[in-house]
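Asker: Contents of upload-v5.tsv (TSV, C-alpha atoms) are given next:
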```tsv
chain	number	residue	atom	x	y	z
A	6	MET	CA	-36.52	-81.44	90.81
A	7	ILE	CA	-36.53	-85.23	90.70
A	8	ALA	CA	-33.11	-86.88	90.25
A	9	LEU	CA	-32.73	-88.22	86.71
A	10	THR	CA	-30.10	-90.13	84.78
A	11	ILE	CA	-28.36	-88.55	81.79
A	12	SER	CA	-30.34	-90.79	79.46
A	13	GLU	CA	-33.63	-89.83	81.09
A	14	GLU	CA	-32.79	-86.14	80.78
A	15	ASN	CA	-31.91	-86.59	77.10
A	16	TYR	CA	-35.26	-88.23	76.47
A	17	LEU	CA	-37.17	-85.48	78.26
A	18	LYS	CA	-35.31	-82.82	76.30
A	19	ALA	CA	-36.11	-84.64	73.05
A	20	LEU	CA	-39.78	-84.77	74.01
A	21	TYR	CA	-39.69	-81.04	74.73
A	22	HIS	CA	-38.30	-80.30	71.26
A	23	LEU	CA	-40.85	-82.61	69.60
A	24	TYR	CA	-43.75	-81.34	71.72
A	25	GLN	CA	-46.98	-80.26	70.04
A	26	PRO	CA	-49.86	-78.97	72.21
A	27	ASP	CA	-52.58	-81.61	72.72
A	28	GLU	CA	-50.83	-84.08	70.41
A	29	GLY	CA	-49.10	-87.31	71.35
A	30	ILE	CA	-45.52	-87.86	70.19
A	31	GLY	CA	-44.93	-91.14	68.36
A	32	THR	CA	-42.13	-93.51	69.31
A	33	ASN	CA	-40.74	-93.45	65.76
A	34	ALA	CA	-40.38	-89.67	65.90
A	35	ILE	CA	-38.54	-89.96	69.22
A	36	ALA	CA	-36.31	-92.76	67.88
A	37	ASN	CA	-35.41	-90.68	64.80
A	38	HIS	CA	-34.66	-87.61	66.92
A	39	LEU	CA	-32.35	-89.57	69.24
A	40	ASN	CA	-30.98	-91.86	66.53
A	41	THR	CA	-31.96	-95.02	68.43
A	42	LYS	CA	-34.29	-98.00	68.04
A	43	PRO	CA	-38.07	-97.80	68.73
A	44	ALA	CA	-37.77	-100.74	71.13
A	45	SER	CA	-35.25	-98.79	73.25
A	46	VAL	CA	-37.58	-95.80	73.20
A	47	THR	CA	-40.52	-97.88	74.42
A	48	GLU	CA	-38.46	-99.21	77.33
A	49	MET	CA	-37.40	-95.72	78.42
A	50	LEU	CA	-40.92	-94.32	78.07
A	51	LYS	CA	-42.17	-96.96	80.49
A	52	LYS	CA	-39.54	-95.87	83.05
A	53	LEU	CA	-40.45	-92.20	82.67
A	54	SER	CA	-44.12	-93.05	82.92
A	55	GLU	CA	-43.49	-94.85	86.23
A	56	LYS	CA	-41.88	-91.62	87.50
A	57	LYS	CA	-45.04	-89.70	86.48
A	58	LEU	CA	-43.07	-87.61	83.97
A	59	LEU	CA	-45.22	-88.56	81.00
A	60	THR	CA	-48.27	-90.48	79.95
A	61	TYR	CA	-47.73	-93.18	77.37
A	62	GLU	CA	-50.18	-95.46	75.63
A	63	LYS	CA	-49.25	-97.75	72.78
A	64	TYR	CA	-50.48	-96.36	69.44
A	65	GLN	CA	-51.58	-93.12	71.20
A	66	GLY	CA	-48.19	-91.49	71.62
A	67	VAL	CA	-46.50	-89.64	74.47
A	68	ILE	CA	-47.60	-86.55	76.37
A	69	LEU	CA	-45.43	-84.88	79.00
A	70	THR	CA	-47.04	-84.38	82.40
A	71	LYS	CA	-46.72	-81.03	84.17
A	72	LYS	CA	-43.81	-82.45	86.20
A	73	GLY	CA	-42.23	-83.94	83.07
A	74	TYR	CA	-42.48	-80.68	81.16
A	75	ALA	CA	-40.90	-78.78	84.06
A	76	SER	CA	-38.05	-81.30	84.24
A	77	ALA	CA	-37.47	-81.07	80.48
A	78	LEU	CA	-37.49	-77.27	80.64
A	79	ASN	CA	-34.92	-77.38	83.42
A	80	VAL	CA	-32.51	-79.32	81.18
A	81	VAL	CA	-33.13	-76.86	78.33
A	82	ARG	CA	-32.46	-73.95	80.72
A	83	ARG	CA	-29.13	-75.43	81.79
A	84	HIS	CA	-28.09	-76.14	78.20
A	85	ARG	CA	-28.85	-72.64	76.94
A	86	LEU	CA	-27.22	-70.90	79.91
A	87	TRP	CA	-24.05	-72.93	79.38
A	88	GLU	CA	-24.05	-72.06	75.68
A	89	TYR	CA	-24.37	-68.38	76.55
A	90	PHE	CA	-21.50	-68.68	79.06
A	91	LEU	CA	-19.24	-70.45	76.57
A	92	VAL	CA	-19.77	-67.80	73.89
A	93	ASP	CA	-20.00	-64.67	76.04
A	94	LYS	CA	-17.32	-65.44	78.64
A	95	LEU	CA	-14.99	-67.96	76.99
A	96	ASN	CA	-15.27	-66.52	73.47
A	97	LEU	CA	-16.08	-69.80	71.78
A	98	LYS	CA	-17.90	-69.59	68.45
A	99	TRP	CA	-21.60	-70.37	68.22
A	100	ASP	CA	-20.84	-73.47	66.15
A	101	GLU	CA	-18.50	-74.86	68.85
A	102	VAL	CA	-20.67	-74.80	71.96
A	103	HIS	CA	-23.54	-77.25	71.44
A	104	ASP	CA	-21.65	-80.47	72.14
A	105	ILE	CA	-19.92	-78.96	75.19
A	106	ALA	CA	-23.23	-77.72	76.57
A	107	GLU	CA	-24.67	-81.21	75.99
A	108	GLN	CA	-22.21	-82.43	78.63
A	109	LEU	CA	-22.55	-79.50	81.04
A	110	GLU	CA	-26.36	-79.54	81.02
A	111	HIS	CA	-26.37	-82.74	83.10
A	112	ILE	CA	-24.71	-81.14	86.13
A	113	GLN	CA	-27.63	-81.28	88.55
A	114	SER	CA	-26.94	-78.38	90.90
A	115	ASP	CA	-29.66	-75.77	91.21
A	116	VAL	CA	-27.29	-73.58	93.24
A	117	LEU	CA	-24.68	-73.62	90.45
A	118	ILE	CA	-27.23	-72.80	87.75
A	119	GLU	CA	-28.71	-69.91	89.73
A	120	LYS	CA	-25.20	-68.53	90.38
A	121	LEU	CA	-24.40	-68.94	86.67
A	122	ASP	CA	-27.60	-67.15	85.67
A	123	MET	CA	-26.81	-64.28	88.05
A	124	TYR	CA	-23.19	-64.08	86.86
A	125	LEU	CA	-24.34	-63.82	83.25
A	126	GLY	CA	-26.86	-61.08	84.08
A	127	HIS	CA	-29.99	-63.21	83.58
A	128	PRO	CA	-29.78	-63.50	79.76
A	129	LYS	CA	-33.05	-64.00	77.88
A	130	ILE	CA	-31.69	-65.39	74.59
A	131	ASP	CA	-28.93	-67.91	73.91
A	132	PRO	CA	-26.28	-67.51	71.13
A	133	HIS	CA	-28.53	-69.26	68.60
A	134	GLY	CA	-31.51	-67.01	69.25
A	135	ASP	CA	-33.43	-69.49	71.44
A	136	PRO	CA	-35.18	-68.15	74.57
A	137	ILE	CA	-33.66	-69.15	77.92
A	138	PRO	CA	-36.24	-70.26	80.52
A	139	ASP	CA	-35.93	-68.56	83.90
A	140	LYS	CA	-35.99	-70.55	87.15
A	141	GLU	CA	-39.80	-70.50	87.06
A	142	GLY	CA	-39.83	-71.91	83.54
A	143	LYS	CA	-40.96	-68.65	81.95
A	144	MET	CA	-39.46	-67.49	78.65
A	145	CYS	CA	-39.59	-64.32	76.61
A	146	ILE	CA	-41.70	-64.54	73.46
A	147	VAL	CA	-39.57	-64.40	70.33
A	148	ASN	CA	-41.73	-62.95	67.55
A	149	CYS	CA	-40.06	-64.41	64.50
A	150	CYS	CA	-40.69	-66.52	61.42
A	151	CYS	CA	-38.67	-68.28	58.73
A	152	MET	CA	-36.93	-66.03	56.23
A	153	SER	CA	-38.63	-68.04	53.47
A	154	GLU	CA	-41.98	-66.63	54.67
A	155	ILE	CA	-41.02	-62.94	54.51
A	156	LYS	CA	-42.53	-60.83	51.73
A	157	LEU	CA	-40.37	-59.17	49.10
A	158	ASN	CA	-38.85	-55.73	49.80
A	159	THR	CA	-39.19	-56.31	53.53
A	160	LYS	CA	-36.39	-55.59	55.98
A	161	ALA	CA	-35.73	-58.29	58.55
A	162	LYS	CA	-33.26	-58.89	61.38
A	163	ILE	CA	-31.80	-62.36	61.83
A	164	SER	CA	-32.92	-63.51	65.28
A	165	GLY	CA	-32.25	-67.26	65.35
A	166	VAL	CA	-31.71	-70.54	63.56
A	167	LYS	CA	-33.73	-73.73	63.25
A	168	ASN	CA	-30.72	-75.79	62.19
A	169	HIS	CA	-28.07	-75.94	64.95
A	170	THR	CA	-25.56	-78.16	63.16
A	171	THR	CA	-21.92	-77.09	63.08
A	172	ALA	CA	-21.84	-77.17	59.27
A	173	PHE	CA	-24.83	-74.82	58.96
A	174	LEU	CA	-23.55	-72.35	61.55
A	175	LYS	CA	-20.12	-72.27	59.93
A	176	HIS	CA	-21.79	-71.60	56.57
A	177	LEU	CA	-23.71	-68.66	58.07
A	178	ASP	CA	-20.50	-67.26	59.52
A	179	LYS	CA	-18.81	-67.56	56.13
A	180	ILE	CA	-21.56	-65.58	54.35
A	181	GLU	CA	-21.96	-63.20	57.34
A	182	LEU	CA	-25.57	-64.05	58.10
A	183	VAL	CA	-25.33	-63.93	61.89
A	184	ILE	CA	-27.65	-62.98	64.75
A	185	GLY	CA	-28.55	-59.28	64.62
A	186	LYS	CA	-27.72	-58.76	60.95
A	187	VAL	CA	-30.38	-56.76	59.06
A	188	VAL	CA	-31.18	-57.79	55.49
A	189	LYS	CA	-33.73	-56.90	52.85
A	190	ILE	CA	-35.56	-59.58	50.88
A	191	LYS	CA	-35.10	-58.54	47.25
A	192	GLU	CA	-36.10	-61.55	45.14
A	193	ARG	CA	-37.43	-65.11	45.43
A	194	ASN	CA	-36.66	-67.43	42.55
A	195	GLU	CA	-39.84	-69.10	41.30
A	196	PHE	CA	-37.97	-72.21	40.10
A	197	ASP	CA	-36.05	-73.28	43.20
A	198	GLN	CA	-37.30	-70.77	45.84
A	199	SER	CA	-33.76	-69.48	46.41
A	200	VAL	CA	-33.66	-65.95	47.84
A	201	ALA	CA	-31.70	-62.82	46.93
A	202	LEU	CA	-30.89	-60.61	49.91
A	203	GLU	CA	-29.54	-57.10	50.13
A	204	ILE	CA	-26.93	-56.99	52.90
A	205	ASN	CA	-24.34	-54.28	53.46
A	206	LYS	CA	-25.31	-52.73	50.10
A	207	LYS	CA	-24.46	-56.01	48.35
A	208	VAL	CA	-26.68	-58.77	46.96
A	209	LEU	CA	-26.34	-62.25	48.45
A	210	HIS	CA	-28.07	-65.34	47.06
A	211	ILE	CA	-29.04	-68.09	49.48
A	212	SER	CA	-30.71	-71.45	48.91
A	213	LYS	CA	-34.25	-72.40	49.89
A	214	ASP	CA	-32.83	-74.64	52.62
A	215	VAL	CA	-30.85	-71.79	54.19
A	216	ALA	CA	-33.87	-69.46	54.03
A	217	GLN	CA	-36.08	-72.07	55.70
A	218	ASN	CA	-33.62	-72.51	58.57
A	219	LEU	CA	-33.07	-68.82	59.31
A	220	LEU	CA	-35.43	-67.16	61.80
A	221	VAL	CA	-36.02	-63.43	61.37
A	222	GLU	CA	-38.14	-60.62	62.76
A	223	LYS	CA	-39.43	-57.73	60.70
A	224	VAL	CA	-37.91	-54.30	61.23
A	225	LYS	CA	-39.05	-50.89	60.07
```
As structure tokens, how would this structure be written, given the file I've shared?
Answerer:
Amino acid sequence: MIALTISEENYLKALYHLYQPDEGIGTNAIANHLNTKPASVTEMLKKLSEKKLLTYEKYQGVILTKKGYASALNVVRRHRLWEYFLVDKLNLKWDEVHDIAEQLEHIQSDVLIEKLDMYLGHPKIDPHGDPIPDKEGKMCIVNCCCMSEIKLNTKAKISGVKNHTTAFLKHLDKIELVIGKVVKIKERNEFDQSVALEINKKVLHISKDVAQNLLVEKVK
């Protein structure tokens, strides 16, 4: 992999998360995602374009090249492996690991990452339910959807989250809606789209926002 600065890696990772097939990514969307100014984004995009990591045309948006996508995926792989390590081996909570992994993901040692992957037993999913790319960039397919899309009287297993903020993850811990928990969708309020769930033979009411940020897979 090409040597990159921390800032360049952060931009590539942001582009990966904003990526839409066959669609350019606008500078404003990138600026909002990274909480920076569009002018700063434009300057960095020019640098990454010179390294053949993306194609960028003013008013047309950004598209990652094959090399750029692979580089972005490599950063994502490192981040998710470190998160898994921090939770599985150091017993940190899932709401504590993101910021630490943000620092560790920039250690550019392929040997270290391959040893880490082997030590962890080649995990496929990180603590937040996101797939971990292997060294070839391949990921398992997670067949899930938002809880807000599940039909009534359907059983579903919580498999991931869209919102990775500490506040949201702590809230899920508090109400015991964690990865692997099986729930049944009992009611959806017509007024505010809040959802009533059956969990552990009890009824739990969650907001529309929580339902939209929980990823689930149907179970029989």
Asker: Find the distance between CA of Asn40 in chain A and CA of Val80 in chain A and write it in Å to one decimal.
Answerer: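 Calculated distance between CA of Asn40 in chain A and CA of Val80 in chain A is 19.3 Å.
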Asker: Would you mind listing what lies within 6 Å of Gly134 in chain A as a list in words, with all atoms listed in the file counted and same-chain residues fewer than 4 positions away left out?
Answerer: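 Here the answer would be Ile130, Ser164 and Gly165 of chain A.
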Asker: Could you write out that same residue set with C-alpha atoms as a compact mmCIF listing (two decimals), in the coordinates of the input?
Answerer:
```txt
# COMPACT_ATOMS: atom_id res chain seq x y z
CA ILE A 130 -31.69 -65.39 74.59
CA SER A 164 -32.92 -63.51 65.28
CA GLY A 165 -32.25 -67.26 65.35
```
Asker: Residues near range 57-73 of chain A, anyone? I mean within 7 Å using only C-alpha atoms, not counting same-chain ones fewer than 6 positions away, as a ChimeraX atom specification.
Answerer: /A:29-32,50
Asker: To one decimal in Å, tell me the separation between CA of Ser76 in chain A and CA of Gly142 in chain A.
Answerer: 9.6 Å
Asker: So how far away is CA of Val81 in chain A from CA of Glu107 in chain A, in Å?
Answerer: 9.8 Å
Asker: Using only C-alpha atoms for the distances, tell me which of A:Lys207, A:Arg83, A:His176, A:His22 is nearest to Lys140 in chain A.
Answerer: A:Arg83
Asker: Check the smallest atom-to-atom distance from each of A:Glu110, A:Glu48, A:Asp115, A:Glu192 to Ile7 in chain A using only C-alpha atoms, then report the winner.
Answerer: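 Of A:Glu110, A:Glu48, A:Asp115, A:Glu192, the one nearest Ile7 in chain A is A:Asp115, counting only C-alpha atoms.
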Asker: Only N, CA and C atoms, as a short mmCIF file (atom, residue, chain, number, x, y, z; two decimals), in the first residue's frame: that is what I want for range 48-86 of chain A.
Answerer:
```cif
data_model
loop_
_atom_site.label_atom_id
_atom_site.label_comp_id
_atom_site.auth_asym_id
_atom_site.auth_seq_id
_atom_site.Cartn_x
_atom_site.Cartn_y
_atom_site.Cartn_z
N GLU A 48 -8.56 21.27 -1.35
CA GLU A 48 -7.10 21.18 -1.35
C GLU A 48 -6.62 19.75 -1.17
N MET A 49 -7.25 19.02 -0.23
CA MET A 49 -6.85 17.64 0.00
C MET A 49 -7.23 16.74 -1.19
N LEU A 50 -8.38 16.98 -1.78
CA LEU A 50 -8.81 16.17 -2.92
C LEU A 50 -7.82 16.28 -4.08
N LYS A 51 -7.26 17.46 -4.25
CA LYS A 51 -6.27 17.65 -5.31
C LYS A 51 -5.02 16.81 -5.03
N LYS A 52 -4.60 16.75 -3.76
CA LYS A 52 -3.44 15.95 -3.38
C LYS A 52 -3.69 14.47 -3.63
N LEU A 53 -4.88 14.01 -3.23
CA LEU A 53 -5.22 12.59 -3.40
C LEU A 53 -5.39 12.24 -4.87
N SER A 54 -5.85 13.20 -5.64
CA SER A 54 -5.99 12.99 -7.08
C SER A 54 -4.62 12.83 -7.74
N GLU A 55 -3.65 13.63 -7.28
CA GLU A 55 -2.28 13.53 -7.81
C GLU A 55 -1.66 12.17 -7.50
N LYS A 56 -2.10 11.54 -6.41
CA LYS A 56 -1.61 10.21 -6.04
C LYS A 56 -2.43 9.09 -6.69
N LYS A 57 -3.34 9.49 -7.59
CA LYS A 57 -4.18 8.53 -8.33
C LYS A 57 -5.10 7.72 -7.42
N LEU A 58 -5.50 8.33 -6.28
CA LEU A 58 -6.38 7.64 -5.35
C LEU A 58 -7.85 7.99 -5.58
N LEU A 59 -8.09 9.02 -6.34
CA LEU A 59 -9.46 9.40 -6.67
C LEU A 59 -9.46 10.26 -7.92
N THR A 60 -10.63 10.38 -8.51
CA THR A 60 -10.84 11.32 -9.60
C THR A 60 -11.74 12.42 -9.08
N TYR A 61 -11.36 13.65 -9.38
CA TYR A 61 -12.11 14.79 -8.87
C TYR A 61 -12.25 15.86 -9.93
N GLU A 62 -13.48 16.24 -10.20
CA GLU A 62 -13.77 17.34 -11.10
C GLU A 62 -14.73 18.28 -10.41
N LYS A 63 -14.43 19.56 -10.48
CA LYS A 63 -15.28 20.56 -9.84
C LYS A 63 -16.70 20.44 -10.38
N TYR A 64 -17.65 20.46 -9.46
CA TYR A 64 -19.09 20.35 -9.75
C TYR A 64 -19.53 18.93 -10.15
N GLN A 65 -18.56 18.00 -10.28
CA GLN A 65 -18.91 16.63 -10.66
C GLN A 65 -18.76 15.66 -9.48
N GLY A 66 -18.05 16.10 -8.46
CA GLY A 66 -17.88 15.24 -7.29
C GLY A 66 -16.66 14.34 -7.36
N VAL A 67 -16.54 13.48 -6.36
CA VAL A 67 -15.35 12.64 -6.18
C VAL A 67 -15.72 11.16 -6.36
N ILE A 68 -14.85 10.44 -7.02
CA ILE A 68 -15.01 8.99 -7.15
C ILE A 68 -13.67 8.34 -6.83
N LEU A 69 -13.68 7.39 -5.92
CA LEU A 69 -12.45 6.68 -5.56
C LEU A 69 -11.99 5.80 -6.73
N THR A 70 -10.68 5.80 -7.00
CA THR A 70 -10.14 4.87 -7.97
C THR A 70 -10.02 3.50 -7.31
N LYS A 71 -9.67 2.49 -8.08
CA LYS A 71 -9.50 1.15 -7.53
C LYS A 71 -8.43 1.16 -6.44
N LYS A 72 -7.34 1.88 -6.68
CA LYS A 72 -6.26 1.98 -5.68
C LYS A 72 -6.72 2.76 -4.46
N GLY A 73 -7.52 3.82 -4.68
CA GLY A 73 -8.03 4.62 -3.58
C GLY A 73 -9.00 3.84 -2.71
N TYR A 74 -9.86 3.05 -3.36
CA TYR A 74 -10.83 2.24 -2.62
C TYR A 74 -10.11 1.19 -1.77
N ALA A 75 -9.08 0.58 -2.35
CA ALA A 75 -8.31 -0.43 -1.61
C ALA A 75 -7.60 0.20 -0.41
N SER A 76 -7.07 1.40 -0.59
CA SER A 76 -6.40 2.09 0.51
C SER A 76 -7.38 2.45 1.61
N ALA A 77 -8.57 2.92 1.22
CA ALA A 77 -9.60 3.26 2.20
C ALA A 77 -10.04 2.02 2.97
N LEU A 78 -10.20 0.92 2.25
CA LEU A 78 -10.65 -0.33 2.88
C LEU A 78 -9.60 -0.85 3.86
N ASN A 79 -8.35 -0.59 3.56
CA ASN A 79 -7.26 -1.01 4.45
C ASN A 79 -7.34 -0.27 5.79
N VAL A 80 -7.68 1.02 5.75
CA VAL A 80 -7.84 1.79 6.98
C VAL A 80 -9.03 1.28 7.77
N VAL A 81 -10.12 1.00 7.07
CA VAL A 81 -11.33 0.47 7.71
C VAL A 81 -11.03 -0.87 8.36
N ARG A 82 -10.27 -1.72 7.67
CA ARG A 82 -9.89 -3.03 8.21
C ARG A 82 -9.12 -2.87 9.52
N ARG A 83 -8.13 -1.99 9.53
CA ARG A 83 -7.35 -1.76 10.73
C ARG A 83 -8.24 -1.27 11.88
N HIS A 84 -9.09 -0.30 11.57
CA HIS A 84 -9.96 0.27 12.61
C HIS A 84 -10.84 -0.81 13.24
N ARG A 85 -11.47 -1.61 12.43
CA ARG A 85 -12.42 -2.60 12.95
C ARG A 85 -11.72 -3.75 13.67
N LEU A 86 -10.53 -4.12 13.21
CA LEU A 86 -9.77 -5.14 13.94
C LEU A 86 -9.35 -4.63 15.31
#
```
